[in-house]
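Novice: Shown below is the structure under consideration.
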Amino acid sequence: MKIFLVVIVSLSILLLSGCSKNASDINKEQNNSLESAKGSNPADNINSSKNKAPEFTLAGPSGKTVSLSDFKGKVVIVDFWATWCPPCRKGIPDLIDLQTEFGNKLAVIGISVDTDTKDQVASFAQNFNINYTVLFANPDVVNAYGNIESIPTSFIIDKNGNIVNQHVGLTPKEIYISEIKKLLD
C-alpha cells in the first residue's frame with residue numbers, strides 16, 4: 001500500500017510540474033549546439049527588445065511554414081510541448097477548447113520539441129483532434145524563447161506581439177481564459 005501511494009504521489013508531482021528536458025539536449029539531438037542560458041529565470045533569457053515576442057518561421061508536419069507574424073492582431077499562446085510529455089498531453093484538450101472558444105481572436109501555436117518522435121507528431125495531432133497550429137521547434141526558436149528547459153512552457157502574447165506572461169508546467173485553463181479575456185478587452 002505504501003509503495004502504491006508513493007507511486008501515485010510521484011506521478012502527480014510529475015504531471016503538475018512539467019517534463020524537464022534540458023535545452024542543450026534538444027539542441028544536441030537536432031545536431032546543433034547553442035550557448036546555454038544565463039540566469040535562473042527563463043523569462044530573463046528571452047532574446048527580445050522589451051517584451052517583444054521573438055519572431056520565428058517554422059515548418060509543421062505537412063511541411064508548410066508558418067510565422068508568428070502571420071497572427072498579428074490576435075492574442076497568441078505559444079506552447080512548447082512534446083508527444084512523450086504527460087503534462088503536455090494532459091493540457092492539449094484545454095488548448096483545443098481555448099482555440100474553439102475564442103475562435104479567430106486567438107491563435108494557439110503548439111511548438112513541438114520532439115526529436116526522436118518527430119515522425120509521430122502528425123498522427124498524434126490527428127488522434128488528439130488538435131485544432132490549432134502545430135510546428136516543429138528548431139534550436140534558434142528554443143534559444144530565442146529563453147532556452148526552454150521544461151515542458152510544457154507557454155507564452156501569452158498580446159495583439160501587439162508583446163509577451164505578457166509565461167507559464168512553466170501544466171497551466172489550468174481558467175488562468176488562460178482570464179489572461180485572454182483581459183487582453184481582448
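In the C-alpha cells, chains take letters A, B, ... by order of appearance, with residues numbered from 1 within each chain and ligands from 1 in the order shown.
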If we count only C-alpha atoms and set the cut-off at 10 Å, which residues sit around A:Thr171, ignoring sequence neighbours fewer than 2 positions away in its own chain? Please answer as a PyMOL selection string.
Specialist: chain A and resi 16-18+87-88+90-91+94+152-154+167-169+173-176
Novice: Write a file of the just-selected residues containing N, CA and C atoms, as a CSV table (one decimal), in the first residue's frame.
Specialist:
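Result written to again_12.csv:
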```
chain,number,residue,atom,x,y,z
A,16,LEU,N,2.0,17.6,-12.6
A,16,LEU,CA,1.8,19.0,-12.3
A,16,LEU,C,3.0,19.9,-12.5
A,17,SER,N,4.2,19.3,-12.5
A,17,SER,CA,5.4,20.2,-12.6
A,17,SER,C,5.9,20.3,-14.1
A,18,GLY,N,5.6,19.4,-14.9
A,18,GLY,CA,6.2,19.5,-16.3
A,18,GLY,C,7.3,18.5,-16.5
A,87,PRO,N,2.4,15.9,-18.9
A,87,PRO,CA,1.6,17.1,-18.6
A,87,PRO,C,1.2,17.8,-19.9
A,88,CYS,N,2.1,17.7,-21.0
A,88,CYS,CA,1.7,18.3,-22.3
A,88,CYS,C,0.5,17.6,-22.8
A,90,LYS,N,-1.8,16.1,-21.2
A,90,LYS,CA,-3.0,16.5,-20.3
A,90,LYS,C,-3.5,17.9,-20.6
A,91,GLY,N,-2.6,18.8,-21.0
A,91,GLY,CA,-3.0,20.2,-21.3
A,91,GLY,C,-3.6,20.4,-22.7
A,94,ASP,N,-7.3,21.3,-23.1
A,94,ASP,CA,-7.6,22.7,-22.7
A,94,ASP,C,-7.3,23.7,-23.9
A,152,PRO,N,5.4,21.3,-20.4
A,152,PRO,CA,5.1,22.4,-21.3
A,152,PRO,C,5.5,23.8,-20.7
A,153,THR,N,5.9,24.7,-21.6
A,153,THR,CA,6.2,26.1,-21.3
A,153,THR,C,5.4,26.9,-22.4
A,154,SER,N,4.6,27.8,-21.8
A,154,SER,CA,3.8,28.6,-22.8
A,154,SER,C,4.0,30.1,-22.5
A,167,HIS,N,4.2,30.6,-18.6
A,167,HIS,CA,3.9,29.6,-17.7
A,167,HIS,C,4.8,28.4,-17.9
A,168,VAL,N,5.3,27.9,-16.9
A,168,VAL,CA,6.1,26.6,-17.0
A,168,VAL,C,5.4,25.5,-16.2
A,169,GLY,N,5.1,24.4,-16.9
A,169,GLY,CA,4.3,23.4,-16.3
A,169,GLY,C,2.9,23.4,-16.8
A,173,LYS,N,-6.8,25.8,-17.4
A,173,LYS,CA,-7.5,26.5,-18.4
A,173,LYS,C,-8.0,27.8,-17.9
A,174,GLU,N,-8.5,27.9,-16.7
A,174,GLU,CA,-9.1,29.1,-16.1
A,174,GLU,C,-8.1,30.3,-16.2
A,175,ILE,N,-6.8,30.0,-15.9
A,175,ILE,CA,-5.8,31.0,-16.0
A,175,ILE,C,-5.6,31.6,-17.4
A,176,TYR,N,-5.6,30.7,-18.3
A,176,TYR,CA,-5.5,31.1,-19.7
A,176,TYR,C,-6.7,32.0,-20.1
```
Novice: Just how far from atom CA of A:Ile156 is atom CA of A:Pro86, in Å to one decimal?
Specialist: 21.5 Å
Novice: Atom CA of A:Lys118 and atom CA of A:Asn131, how far apart in Å?
Specialist: 18.6 Å
Novice: What lies within 12 Å of A:Thr100 using only C-alpha atoms, ignoring chain neighbours under 6 positions off, as a ChimeraX atom specification?
Specialist: /A:93-94,106-108,129-132
Novice: Could those residues be written to a file, using C-alpha atoms, as an mmCIF file, in the first residue's frame?
Specialist:
```
data_model
loop_
_atom_site.group_PDB
_atom_site.id
_atom_site.type_symbol
_atom_site.label_atom_id
_atom_site.label_comp_id
_atom_site.auth_asym_id
_atom_site.auth_seq_id
_atom_site.Cartn_x
_atom_site.Cartn_y
_atom_site.Cartn_z
ATOM 1 C CA PRO A 93 -7.611 19.307 -24.533
ATOM 2 C CA ASP A 94 -7.611 22.684 -22.742
ATOM 3 C CA LEU A 106 -6.897 33.655 -30.506
ATOM 4 C CA ALA A 107 -4.118 31.686 -32.137
ATOM 5 C CA VAL A 108 -2.724 28.712 -30.265
ATOM 6 C CA ASN A 129 -8.035 16.258 -32.790
ATOM 7 C CA ILE A 130 -5.718 19.224 -32.374
ATOM 8 C CA ASN A 131 -7.421 22.223 -33.981
ATOM 9 C CA TYR A 132 -4.553 24.675 -33.683
#
```
Novice: Give me the residues near A:Phe128 as a PyMOL selection string, where near means some atom within 9 Å (using only C-alpha atoms) and where sequence neighbours in that chain fewer than 5 positions away do not count.
Specialist: chain A and resi 89+92-93+123
Novice: Write a file of the selected residues as a short mmCIF file (atom, residue, chain, number, x, y, z; two decimals), in the first residue's frame, keeping C-alpha atoms.
Specialist:
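The resulting result.cif:
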```
data_model
loop_
_atom_site.label_atom_id
_atom_site.label_comp_id
_atom_site.auth_asym_id
_atom_site.auth_seq_id
_atom_site.Cartn_x
_atom_site.Cartn_y
_atom_site.Cartn_z
CA ARG A 89 -0.72 15.56 -23.24
CA ILE A 92 -3.82 19.63 -25.01
CA PRO A 93 -7.61 19.31 -24.53
CA SER A 123 -0.59 11.27 -36.31
#
```
